[in-house]
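Heads up: the structure comes next, in structure tokens.
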Amino acid sequence: MMILIAGTAKSGKSRYAETRLDNLSGSPKIYMAMSKIIDDEMRERVKNHQAMRAGKGFVTVEGFVIDEVPRDSAVLIESLTAWTANEMFNDNGAVDRNVVVKKIFGDILRLRERADDVVIVSDDIFSDGGGYDALTEEYVRALAELTVKIAGTADEVVEVISGTAARLKSSQPHDTEHYHASNSTQH
């Protein structure tokens with residue numbers, strides 16, 4: 001099963017994704033940490049995410065490392081947003097958007113063949129209406145294209161808003177779900 005979970009920053013999407021992964025059949029549970037720690041704020045967010053999954057049996061790997069994913073596992077990719085940025089902006093400069101989209105989507109399809117379950121977290125950065133420089137616009141387009149492609153092939157698509165999850169697409173007809181994170185800090 002492949003699930004795409006999208007939402008704005010600090011909406012509760014990561015907590016929801018971890019909860020969903022806990023309830024899936026794949027084992028072991030792999031957490032692919034895609035963010036690079038570039039400042040104190042990111043360091044604090046990583047620390048909070050580590051605390052959220054402490055004691056839940058996750059095996060954490062840094063970056064997309066498909067060869068380290070055992071067959072029949074459940075994988076949480078945290079996050080498509082960071083992964084796209086890492087691929088697009090590297091030490092050699094910016095990479096063409098089309099190359100990035102093709103590579104990441106291909107990697108996700110390969111992972112889906114290998115793992116029982118794949119949960120992908122992505123930030124909704126498309127609706128802020130901001131006018132960005134050309135390079136940032138290319139990044140936003142790459143992330144949007146990937147989100148559309150993944151949503152098209154995913155078994156489920158969920159949007160998390162203010163700690164409440166709404167299932168937008170499901171492999172089950174007329175299947176809806178409402179989740180609300182309570183008594184917790186939203187991430």
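As shown in the structure tokens, the chain order sets the letters A, B, ...; within each chain, residues go from 1, and ligands are also counted from 1 in the order they appear.
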
Mind checking which residues fall within 9 Å of A:Glu18, counting only C-alpha atoms, ignoring those fewer than 4 positions away in the same chain, and posting them as number ranges by chain?
A: 13-14, 22-23, 52-53, 76, 119

I'd like the contact shell of stretch 83-96 of chain A - 12 Å cut-off, only C-alpha atoms, skipping same-chain residues fewer than 3 positions apart - returned as a PyMOL selection string.
chain A and resi 32-38+62-65+77-80+99-105+107-108+120-123+134-147

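Of note, atom CA of A:Leu111 and atom CA of A:Asp155 are spaced 14.5 Å apart.
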
Neighbour list for A:Leu109 as a PyMOL selection string, cut-off 12 Å, only C-alpha atoms, skip fewer than 4 positions in-chain
chain A and resi 1-2+66+102-105+113-115+117-118+146+149-150+153-154

For the residues in that selection, give me N, CA and C atoms as a short mmCIF file (atom, residue, chain, number, x, y, z; two decimals), in the first residue's frame.
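Okay, this is what ended up in out.cif:
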data_model
loop_
_atom_site.label_atom_id
_atom_site.label_comp_id
_atom_site.auth_asym_id
_atom_site.auth_seq_id
_atom_site.Cartn_x
_atom_site.Cartn_y
_atom_site.Cartn_z
N MET A 1 0.84 -1.17 0.00
CA MET A 1 0.00 0.00 0.00
C MET A 1 0.89 1.24 0.00
N MET A 2 0.50 2.22 -0.77
CA MET A 2 1.22 3.49 -0.77
C MET A 2 0.25 4.59 -0.37
N ILE A 66 17.56 2.69 -0.84
CA ILE A 66 16.67 1.56 -1.13
C ILE A 66 17.32 0.22 -0.81
N LYS A 102 11.79 12.93 -12.52
CA LYS A 102 11.94 11.57 -13.07
C LYS A 102 12.69 10.67 -12.09
N LYS A 103 13.76 11.17 -11.50
CA LYS A 103 14.57 10.36 -10.58
C LYS A 103 13.77 9.99 -9.33
N ILE A 104 13.19 10.99 -8.69
CA ILE A 104 12.48 10.72 -7.43
C ILE A 104 11.27 9.81 -7.67
N PHE A 105 10.49 10.08 -8.69
CA PHE A 105 9.32 9.25 -8.95
C PHE A 105 9.74 7.81 -9.28
N GLU A 113 7.73 -1.42 -5.10
CA GLU A 113 7.86 -2.84 -5.48
C GLU A 113 8.55 -3.65 -4.39
N ARG A 114 9.39 -3.02 -3.62
CA ARG A 114 10.20 -3.71 -2.62
C ARG A 114 9.50 -3.79 -1.26
N ALA A 115 8.89 -2.72 -0.83
CA ALA A 115 8.30 -2.64 0.51
C ALA A 115 6.82 -3.00 0.47
N ASP A 117 4.59 -1.55 2.47
CA ASP A 117 3.89 -0.29 2.66
C ASP A 117 4.85 0.88 2.54
N VAL A 118 4.39 1.94 1.87
CA VAL A 118 5.18 3.16 1.73
C VAL A 118 4.27 4.33 2.10
N LEU A 146 5.63 16.10 -8.63
CA LEU A 146 5.80 14.85 -7.89
C LEU A 146 4.56 14.52 -7.07
N LYS A 149 1.90 13.16 -9.41
CA LYS A 149 2.25 11.81 -9.88
C LYS A 149 2.05 10.78 -8.78
N ILE A 150 2.52 11.10 -7.58
CA ILE A 150 2.39 10.16 -6.47
C ILE A 150 0.92 9.98 -6.09
N THR A 153 -0.83 7.50 -8.30
CA THR A 153 -0.52 6.08 -8.16
C THR A 153 -0.72 5.56 -6.73
N ALA A 154 -0.91 6.46 -5.78
CA ALA A 154 -1.08 6.06 -4.38
C ALA A 154 -2.42 5.37 -4.17
#

As a ChimeraX atom specification, please: every residue in chain A that DSSP puts in helix (DSSP H, G or I).
/A:13-22,40-53,66-68,80-88,97-114,134-153

Pick out each residue of stretch 20-185 of chain A that DSSP on the backbone tags as strand (DSSP E); I need them as an MDAnalysis selection string.
chainID A and resid 29:33 58:62 74:78 89:90 93:94 117:123 156:161 164:169 178:180

Looking at A:Ser162, A:Ser73, A:Asn98, A:Ser170, which one is nearest to A:Ser25, with distances taken over only C-alpha atoms?
A:Ser73
